[in-house]
Each structure stands twice: as structure tokens, then as C-alpha cells.
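Structure file input14.cif with mmCIF, C-alpha atoms:
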data_model
loop_
_atom_site.label_atom_id
_atom_site.label_comp_id
_atom_site.auth_asym_id
_atom_site.auth_seq_id
_atom_site.Cartn_x
_atom_site.Cartn_y
_atom_site.Cartn_z
CA MET W 1 145.67 67.57 100.27
CA SER W 2 143.14 68.06 97.54
CA ALA W 3 142.52 65.08 95.28
CA ARG W 4 141.62 65.56 91.64
CA PRO W 5 137.86 65.44 91.03
CA ARG W 6 136.85 61.98 89.86
CA ILE W 7 134.48 61.39 86.98
CA ALA W 8 133.25 58.00 85.74
CA ILE W 9 132.80 57.23 82.05
CA PRO W 10 130.71 54.09 81.46
CA VAL W 11 131.82 52.17 78.38
CA PHE W 12 129.29 50.08 76.45
CA PRO W 13 130.01 47.64 73.63
CA GLY W 14 130.11 50.05 70.69
CA SER W 15 130.99 53.22 72.61
CA ASN W 16 133.77 55.03 70.78
CA ASP W 17 134.24 58.46 72.35
CA GLU W 18 135.20 57.35 75.84
CA HIS W 19 138.91 57.98 75.32
CA ASP W 20 138.36 61.47 73.95
CA ALA W 21 136.08 62.21 76.91
CA ALA W 22 138.68 60.88 79.35
CA TRP W 23 141.46 62.83 77.62
CA ALA W 24 139.44 66.06 77.70
CA LEU W 25 138.44 65.67 81.36
CA ARG W 26 142.03 64.87 82.36
CA ALA W 27 143.27 67.92 80.45
CA LEU W 28 140.80 69.95 82.50
CA GLY W 29 142.12 68.61 85.79
CA ALA W 30 139.84 65.65 86.52
CA ASP W 31 140.57 61.98 87.06
CA ALA W 32 138.55 60.08 84.46
CA LEU W 33 137.71 56.45 85.22
CA LEU W 34 136.44 54.17 82.48
CA VAL W 35 133.81 51.78 83.87
CA ARG W 36 132.61 48.69 82.04
CA HIS W 37 128.94 48.33 81.11
CA ASP W 38 128.63 45.14 83.17
CA GLU W 39 129.80 46.72 86.43
CA PRO W 40 126.82 46.90 88.77
CA GLU W 41 128.36 49.76 90.75
CA LEU W 42 130.17 53.00 90.09
CA PRO W 43 133.45 53.75 91.83
CA PRO W 44 133.29 56.76 94.19
CA VAL W 45 132.99 59.67 91.74
CA GLY W 46 131.52 63.14 91.69
CA ALA W 47 130.03 62.95 88.19
CA VAL W 48 129.30 60.60 85.30
CA VAL W 49 129.82 61.27 81.60
CA LEU W 50 128.04 58.93 79.18
CA PRO W 51 130.13 58.92 76.01
CA GLY W 52 129.21 58.93 72.36
CA GLY W 53 129.30 55.97 70.04
CA PHE W 54 126.96 53.24 68.92
CA SER W 55 126.18 51.27 72.06
CA TYR W 56 124.99 47.75 71.27
CA GLY W 57 125.16 48.60 67.59
CA ASP W 58 122.30 51.08 68.03
CA TYR W 59 120.05 48.07 67.43
CA LEU W 60 116.31 48.62 67.85
CA ARG W 61 116.70 52.34 68.72
CA CYS W 62 119.78 54.31 69.71
CA GLY W 63 120.37 53.83 73.43
CA ALA W 64 117.46 51.42 73.89
CA ILE W 65 119.57 48.43 74.89
CA ALA W 66 122.36 50.26 76.76
CA ARG W 67 119.69 51.47 79.11
CA PHE W 68 119.41 47.96 80.58
CA SER W 69 123.16 47.50 81.23
CA PRO W 70 124.06 46.84 84.86
CA VAL W 71 126.10 50.05 85.03
CA MET W 72 123.05 52.10 84.01
CA ALA W 73 121.16 51.01 87.13
CA ALA W 74 124.01 52.56 89.10
CA VAL W 75 124.00 55.70 86.94
CA ILE W 76 120.24 56.11 87.40
CA GLU W 77 120.64 55.76 91.16
CA PHE W 78 123.54 58.28 91.12
CA ALA W 79 121.38 60.76 89.18
CA ARG W 80 118.40 60.26 91.51
CA ARG W 81 120.64 61.22 94.43
CA GLY W 82 121.47 64.47 92.63
CA GLY W 83 124.79 63.46 91.07
CA PRO W 84 125.66 65.31 87.87
CA VAL W 85 125.35 63.17 84.74
CA LEU W 86 126.28 64.42 81.28
CA GLY W 87 125.24 62.42 78.22
CA ILE W 88 126.97 63.26 74.97
CA CYS W 89 125.39 62.14 71.67
CA ASN W 90 124.77 58.40 72.23
CA GLY W 91 124.88 59.26 75.94
CA PHE W 92 122.03 61.73 75.38
CA GLN W 93 120.08 59.03 73.54
CA ILE W 94 120.61 56.63 76.45
CA LEU W 95 119.44 59.25 78.97
CA CYS W 96 116.23 59.84 77.00
CA GLU W 97 115.62 56.09 76.79
CA THR W 98 116.06 55.72 80.55
CA GLY W 99 113.61 58.53 81.18
CA LEU W 100 116.18 60.61 83.09
CA LEU W 101 115.63 63.18 80.34
CA PRO W 102 112.32 63.84 78.59
CA GLY W 103 111.70 63.54 74.87
CA ALA W 104 113.24 61.22 72.32
CA LEU W 105 115.99 61.31 69.71
CA ALA W 106 114.86 60.24 66.25
CA PRO W 107 116.68 59.87 62.91
CA ASN W 108 117.81 63.19 61.40
CA ALA W 109 115.11 64.89 59.37
CA ASP W 110 117.11 64.65 56.15
CA LEU W 111 118.20 61.06 56.91
CA SER W 112 121.88 61.80 56.36
CA PHE W 113 124.56 61.25 58.92
CA VAL W 114 125.82 64.72 59.77
CA CYS W 115 129.47 65.33 60.64
CA ARG W 116 130.53 68.97 60.89
CA ASP W 117 130.98 71.86 63.26
CA VAL W 118 127.85 73.72 64.34
CA HIS W 119 127.30 76.88 66.35
CA VAL W 120 125.15 76.63 69.42
CA GLU W 121 123.94 79.31 71.79
CA VAL W 122 124.11 78.80 75.55
CA THR W 123 120.56 79.56 76.63
CA SER W 124 120.87 78.71 80.32
CA THR W 125 123.89 79.17 82.55
CA THR W 126 122.27 77.91 85.75
CA SER W 127 123.44 74.32 85.58
CA PRO W 128 126.52 72.33 86.62
CA PHE W 129 127.38 72.08 82.92
CA THR W 130 127.21 75.73 81.86
CA SER W 131 128.30 77.70 84.92
CA ARG W 132 131.45 78.88 83.12
CA CYS W 133 129.46 80.21 80.16
CA ARG W 134 127.88 83.60 79.61
CA ALA W 135 124.19 83.69 78.76
CA GLY W 136 123.94 83.86 74.98
CA GLN W 137 127.51 82.69 74.49
CA ARG W 138 128.14 81.17 71.08
CA LEU W 139 130.04 77.88 71.06
CA ARG W 140 131.51 76.11 68.07
CA LEU W 141 131.22 72.35 68.57
CA PRO W 142 131.31 69.33 66.28
CA VAL W 143 128.31 67.08 65.73
CA LYS W 144 128.44 63.58 64.24
CA HIS W 145 125.23 61.63 64.38
CA GLY W 146 122.49 59.99 62.37
CA ALA W 147 119.76 60.17 64.98
CA GLY W 148 120.03 63.50 66.77
CA ARG W 149 116.61 64.97 66.08
CA PHE W 150 115.26 65.83 69.51
CA VAL W 151 111.51 65.25 69.40
CA ALA W 152 109.24 66.93 71.93
CA ASP W 153 105.58 67.77 71.58
CA GLY W 154 104.42 71.36 72.04
CA ALA W 155 103.54 70.90 75.71
CA LEU W 156 106.94 69.45 76.60
CA LEU W 157 108.79 72.13 74.65
CA GLU W 158 106.81 74.84 76.45
CA ARG W 159 107.55 73.26 79.80
CA LEU W 160 111.27 72.98 79.05
CA GLU W 161 111.33 76.64 78.04
CA ALA W 162 109.31 77.81 81.04
CA GLU W 163 111.61 75.91 83.39
CA ASP W 164 114.79 77.20 81.70
CA ARG W 165 115.81 73.63 80.87
CA ILE W 166 116.89 74.17 77.26
CA VAL W 167 120.61 74.78 77.75
CA LEU W 168 121.86 74.79 74.18
CA ARG W 169 120.19 75.68 70.92
CA TYR W 170 121.53 75.45 67.41
CA GLU W 171 121.88 78.88 65.88
CA ALA W 172 119.14 79.84 63.46
CA GLY W 173 119.85 78.14 60.14
CA ASP W 174 122.44 75.81 61.68
CA ASN W 175 120.16 73.03 62.99
CA PRO W 176 121.83 69.86 61.66
CA ASN W 177 119.04 67.38 62.38
CA GLY W 178 115.64 69.11 62.46
CA SER W 179 115.26 69.01 66.25
CA SER W 180 112.16 70.57 67.83
CA GLY W 181 112.79 74.18 68.81
CA ASP W 182 116.40 73.98 67.53
CA VAL W 183 117.20 72.15 70.77
CA ALA W 184 120.79 70.92 71.03
CA GLY W 185 120.90 70.20 74.78
CA ILE W 186 118.48 69.93 77.69
CA LEU W 187 118.44 69.50 81.46
CA SER W 188 116.47 67.21 83.77
CA ASP W 189 113.95 68.79 86.12
CA GLY W 190 116.51 68.54 88.92
CA ARG W 191 119.06 70.29 86.60
CA ASN W 192 121.71 67.66 87.46
CA VAL W 193 121.33 65.62 84.26
CA MET W 194 122.16 67.08 80.86
CA GLY W 195 122.11 65.62 77.38
CA LEU W 196 123.49 67.20 74.24
CA MET W 197 124.14 66.06 70.68
CA PRO W 198 127.29 68.15 69.98
CA HIS W 199 130.62 66.82 71.25
CA PRO W 200 132.39 69.11 73.73
CA GLU W 201 135.05 66.43 74.30
CA HIS W 202 136.23 66.78 70.68
CA ALA W 203 136.66 70.54 71.12
CA VAL W 204 139.01 71.20 74.01
CA ASP W 205 142.10 72.28 72.09
CA PRO W 206 142.48 75.01 69.45
CA LEU W 207 144.48 72.49 67.43
CA LEU W 208 141.22 70.57 66.91
CA GLY W 209 139.46 73.62 65.48
CA SER W 210 137.77 74.79 68.66
CA ALA W 211 138.33 74.75 72.39
CA ASP W 212 134.76 75.81 73.18
CA GLY W 213 133.86 72.41 74.59
CA SER W 214 136.05 73.28 77.57
CA TYR W 215 133.45 75.75 78.80
CA LEU W 216 131.00 72.90 79.33
CA LEU W 217 133.38 70.23 80.60
CA ALA W 218 135.27 72.63 82.90
CA SER W 219 131.91 73.70 84.35
CA LEU W 220 131.30 70.05 85.20
CA VAL W 221 134.76 69.68 86.74
CA ASP W 222 134.04 72.81 88.84
CA ALA W 223 130.73 71.29 89.96
CA VAL W 224 132.47 68.09 91.07
CA CYS W 225 135.01 70.11 93.09
CA GLN W 226 132.20 72.02 94.76
CA ARG W 227 130.28 68.85 95.60
CA THR W 228 133.42 67.37 97.12
CA LEU W 229 133.94 70.48 99.25
CA ILE W 230 130.34 70.43 100.41
CA ALA W 231 130.57 66.73 101.27
CA ALA W 232 133.79 67.33 103.23
CA ALA W 233 132.41 70.32 105.15
CA MET Z 1 102.99 30.77 70.71
CA ARG Z 2 104.21 33.36 68.26
CA ALA Z 3 103.63 37.08 68.19
CA ARG Z 4 104.31 39.76 65.61
CA VAL Z 5 104.81 43.29 66.76
CA LEU Z 6 104.54 46.11 64.30
CA VAL Z 7 106.21 49.29 65.51
CA ARG Z 8 105.89 52.52 63.55
CA PRO Z 9 106.26 56.24 64.02
CA LYS Z 10 103.20 57.78 65.66
CA GLU Z 11 100.85 59.89 63.59
CA GLY Z 12 102.25 63.39 63.38
CA VAL Z 13 105.85 62.33 64.05
CA LEU Z 14 108.06 63.08 61.06
CA ASP Z 15 109.14 59.84 59.36
CA PRO Z 16 112.03 60.78 57.07
CA GLN Z 17 112.47 57.19 55.85
CA GLY Z 18 108.83 56.98 54.85
CA ARG Z 19 109.10 60.35 53.12
CA ALA Z 20 112.19 59.30 51.16
CA VAL Z 21 110.53 56.05 50.06
CA HIS Z 22 107.34 57.89 49.15
CA GLU Z 23 109.31 60.32 46.97
CA ALA Z 24 111.17 57.45 45.31
CA LEU Z 25 107.94 55.60 44.53
CA VAL Z 26 106.44 58.77 43.03
CA LYS Z 27 109.57 59.24 40.89
CA LEU Z 28 109.10 55.69 39.62
CA GLY Z 29 105.61 56.70 38.54
CA PHE Z 30 103.61 54.83 41.16
CA PRO Z 31 100.42 56.42 42.42
CA VAL Z 32 101.37 56.71 46.10
CA ALA Z 33 100.15 59.47 48.39
CA GLY Z 34 102.32 58.62 51.38
CA ALA Z 35 104.49 55.98 53.03
CA ARG Z 36 105.33 55.26 56.65
CA ILE Z 37 108.10 52.90 57.62
CA GLY Z 38 108.22 50.88 60.79
CA ARG Z 39 109.75 47.65 61.95
CA LEU Z 40 108.42 44.16 62.37
CA VAL Z 41 109.46 42.11 65.38
CA GLU Z 42 108.63 38.40 65.29
CA LEU Z 43 108.65 36.76 68.68
CA GLU Z 44 108.60 33.13 69.64
CA LEU Z 45 107.08 33.19 73.08
CA GLU Z 46 107.85 30.83 75.91
CA LEU Z 47 104.80 31.13 78.08
CA GLU Z 48 103.44 28.81 80.72
CA THR Z 49 99.93 29.59 79.61
CA SER Z 50 98.22 29.36 76.24
CA ASN Z 51 95.79 32.06 77.24
CA SER Z 52 96.00 34.67 74.51
CA ALA Z 53 94.86 37.53 76.74
CA SER Z 54 97.75 37.03 79.10
CA ALA Z 55 100.13 36.51 76.17
CA ARG Z 56 99.00 39.84 74.75
CA GLU Z 57 99.55 41.53 78.09
CA GLU Z 58 103.05 40.12 78.24
CA VAL Z 59 103.88 41.37 74.74
CA GLU Z 60 102.41 44.77 75.61
CA ARG Z 61 104.83 44.96 78.51
CA MET Z 62 107.68 44.11 76.13
CA CYS Z 63 106.56 46.92 73.84
CA GLU Z 64 106.30 49.47 76.64
CA GLN Z 65 109.66 48.55 78.15
CA LEU Z 66 111.79 47.93 75.10
CA LEU Z 67 110.33 47.26 71.68
CA ALA Z 68 108.75 50.68 71.15
CA ASN Z 69 109.43 54.15 72.45
CA PRO Z 70 105.87 55.16 73.34
CA LEU Z 71 106.76 58.86 73.02
CA ILE Z 72 107.28 58.63 69.28
CA GLU Z 73 106.16 55.15 68.23
CA ALA Z 74 102.89 53.24 68.11
CA TYR Z 75 102.69 49.46 68.08
CA GLU Z 76 100.28 46.72 67.11
CA ILE Z 77 100.39 43.14 68.34
CA GLU Z 78 99.27 40.08 66.39
CA LEU Z 79 99.21 36.69 68.10
CA ALA Z 80 99.34 33.33 66.31
CA LYS Z 81 99.33 29.82 67.75
#

Full structure transcribed into C-alpha cells:
Amino acid sequence: MSARPRIAIPVFPGSNDEHDAAWALRALGADALLVRHDEPELPPVGAVVLPGGFSYGDYLRCGAIARFSPVMAAVIEFARRGGPVLGICNGFQILCETGLLPGALAPNADLSFVCRDVHVEVTSTTSPFTSRCRAGQRLRLPVKHGAGRFVADGALLERLEAEDRIVLRYEAGDNPNGSSGDVAGILSDGRNVMGLMPHPEHAVDPLLGSADGSYLLASLVDAVCQRTLIAAA
Amino acid sequence: MRARVLVRPKEGVLDPQGRAVHEALVKLGFPVAGARIGRLVELELELETSNSASAREEVERMCEQLLANPLIEAYEIELAK
């Protein structure tokens, strides 16, 4: 008997994309489990998806307070053991605040909240989040954020490039927030943690304008299946 | 003991709020060459000691852990009795 791959979605006060993330992951064959912010432990899962939203009202800085939730201690431990963790939008901001990902996310360069579809290029396929993509593949994904400007100094940007850790870049002329190097998504040095500003979970059905988000989320579901097989072997 | 923490974008980090306010002040005719916007955090401390050096250290730890993101923000601490 093969169980469906299980993925946890921590929910913080102010998260608002957890149900879309759960819906998308279920449509792609996974069991999605919503986990409250005050749970000190994760249920047995093969991956974690940190959803978008405005955790703790985005007070102080986006993601700064969510980082200290009990569930985040468990997520950090899960990531340190090599578990795949995907942070979408506010989830990306939380991952940068925890230090699981380098850099910071600052208010958009033009100060306006941006809500539209963008085109991103898949610039690395060697990750649990992009294994179903072709190198250079163009994805159409929605963004909706006020603080999505990835800030990295020159040395960090060079390191991320040299280590093939920039997974997604906005297409030239389509950078919605002024991020350094047109970065839309990056990986941790262990390649098991990814953050991105666009929302793959809002783009898994052609009815919603694009199904390109499935490439990323289905890659993650694949990775969970593989981890389960390895663990069982 | 009270402390005021002033957090602002580091030199060289784009501050779109400051830029927008600068442009607005210039449009109003004020002679302003630049503006940077940060945030002010006023703290009422509950410390066992009245030693200001150790109070400052404590507030520095607060800044490093939560109040500022040292990658993009700088902070200044002012202590008052």
C-alpha cells in the first residue's frame, strides 16, 4: 500500500493562502495538513510549505514575529535535518528572517502593492522544487505583495549565482519589486529550502489563468515520494 | 529605565519611503536634499540592574534578535532613566 505523500502547512495568525496551498497540493496527489502556529511539533510529514499572507499583521517587518512561533522551531529543525521546506511570499519572508535563507525582503522599490501575473525563468532545475522543470522554462505565476524586493549585496548575489542557488528570475522588464539580480526565488545552501515571491499555489488550474505553478508543487510532491521510498528502503 | 531604539535602512539600501517623502517635500518647495525613514521603538525596561552598560547590552540583543534586521537596517540606542 502506498500512502499519499504528506505535507504540513503551518498557519499563523494572518496567514491567508493556506487553503489554496492545501487545495493545490491535494490536487497534485498529496495529503496537506494544516498545522497551527502554536504547535511545538510537526506531524510526520515529508515536506513543509509556509503559506502566504500577513503573519502577525506583518508588524515590525514581514515575517519577523512569525519566526518565533513554536511551530517554526519545529520547521527549522525539520529543515536542518534536510527536510524540504518551501516558503511562498510571506513564507519566503519568514524563511529569510529565520536565517534558513540568506538575504532580506524589503518593501517594493516603487512602494506599491503589486498584484498581477509575472513571467519567471527557471534558472536551476537541480532542486526538490524544480525537478519537473526544464532549464530556462518560462512560467507564468501571479505575485501579490508589498514587500517582495529581495535584497542581497554583491558578494551574496555572486555566491548564490556561483552555487546555482537562484532558482527563479523575473524575466527582463518584468521585475515587479526591484529585487537584486531580478531574483524571484532562491535555495538554501543545502538546496532543501526554497523561498519565492510568486504564488505557484494560485496557478495550478488553467481556469485560474495558468497551471504553471504545478511544475513547482508537483516537483515537491515527487521529492516527498522519493524521500518516503528512501526511508522505507 | 526607558530606552529608545531608532531603526533605519542602512546606508546604500534603497529606501523607497524616504525617496517618496523627499520628492513630496521638494514638490512643496522645501529645500531638502534627501530623506530616510525609519522607525522609533520606545521601550520601558524591566531590569534588575540600573547599570546602563548592561541595559544597553540587553537592548542591543533585542535589536539583533528582533527589532532590526541587521542585513538591511542599522539601529541606534538611547537610554534614559

Interface residues on chain Z facing chain W, 10 Å, only C-alpha atoms, written as a list of chain:residue names: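 Residues passing the distance filter: Z:Pro9, Z:Gly12, Z:Val13, Z:Leu14, Z:Asp15, Z:Pro16, Z:Gln17, Z:Arg19, Z:Ala20, Z:Arg39, Z:Val41, Z:Gln65, Z:Leu66, Z:Leu67, Z:Ala68, Z:Asn69, Z:Pro70, Z:Leu71, Z:Ile72.
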
Produce a file of the selected residues containing C-alpha atoms, as a short mmCIF file (atom, residue, chain, number, x, y, z; two decimals), in the coordinates of the input.
data_model
loop_
_atom_site.label_atom_id
_atom_site.label_comp_id
_atom_site.auth_asym_id
_atom_site.auth_seq_id
_atom_site.Cartn_x
_atom_site.Cartn_y
_atom_site.Cartn_z
CA PRO Z 9 106.26 56.24 64.02
CA GLY Z 12 102.25 63.39 63.38
CA VAL Z 13 105.85 62.33 64.05
CA LEU Z 14 108.06 63.08 61.06
CA ASP Z 15 109.14 59.84 59.36
CA PRO Z 16 112.03 60.78 57.07
CA GLN Z 17 112.47 57.19 55.85
CA ARG Z 19 109.10 60.35 53.12
CA ALA Z 20 112.19 59.30 51.16
CA ARG Z 39 109.75 47.65 61.95
CA VAL Z 41 109.46 42.11 65.38
CA GLN Z 65 109.66 48.55 78.15
CA LEU Z 66 111.79 47.93 75.10
CA LEU Z 67 110.33 47.26 71.68
CA ALA Z 68 108.75 50.68 71.15
CA ASN Z 69 109.43 54.15 72.45
CA PRO Z 70 105.87 55.16 73.34
CA LEU Z 71 106.76 58.86 73.02
CA ILE Z 72 107.28 58.63 69.28
#

Spatial neighbours of W:Gly83, 9 Å, all atoms listed in the file, chain gap at least 4 places, as number ranges by chain: W: 46-48, 75, 77-79, 192-193, 224, 227

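For W:Leu229, the list of residues within 12 Å, based on only C-alpha atoms and with local chain neighbours fewer than 2 positions off taken out, reads Ser2, Ala3, Arg4, Pro5, Gly46, Asp222, Ala223, Val224, Cys225, Gln226, Arg227, Ala231, Ala232 and Ala233 of chain W.
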
Near-W:Val221 list (12 Å; only C-alpha atoms; drop same-chain fewer than 3 positions) as a ChimeraX atom specification: /W:4-8,24-32,45-49,84-86,128-132,214-218,224-228

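Against this structure, the PyMOL selection byres ((chain Z and resi 50-53) around 9) ends up with Met1, Leu47, Glu48, Thr49, Ser54, Ala55, Arg56, Glu57, Glu58, Leu79, Ala80 and Lys81 of chain Z.
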
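Between atom CA of W:Gly52 and atom CA of W:Phe92 the separation is 8.3 Å.
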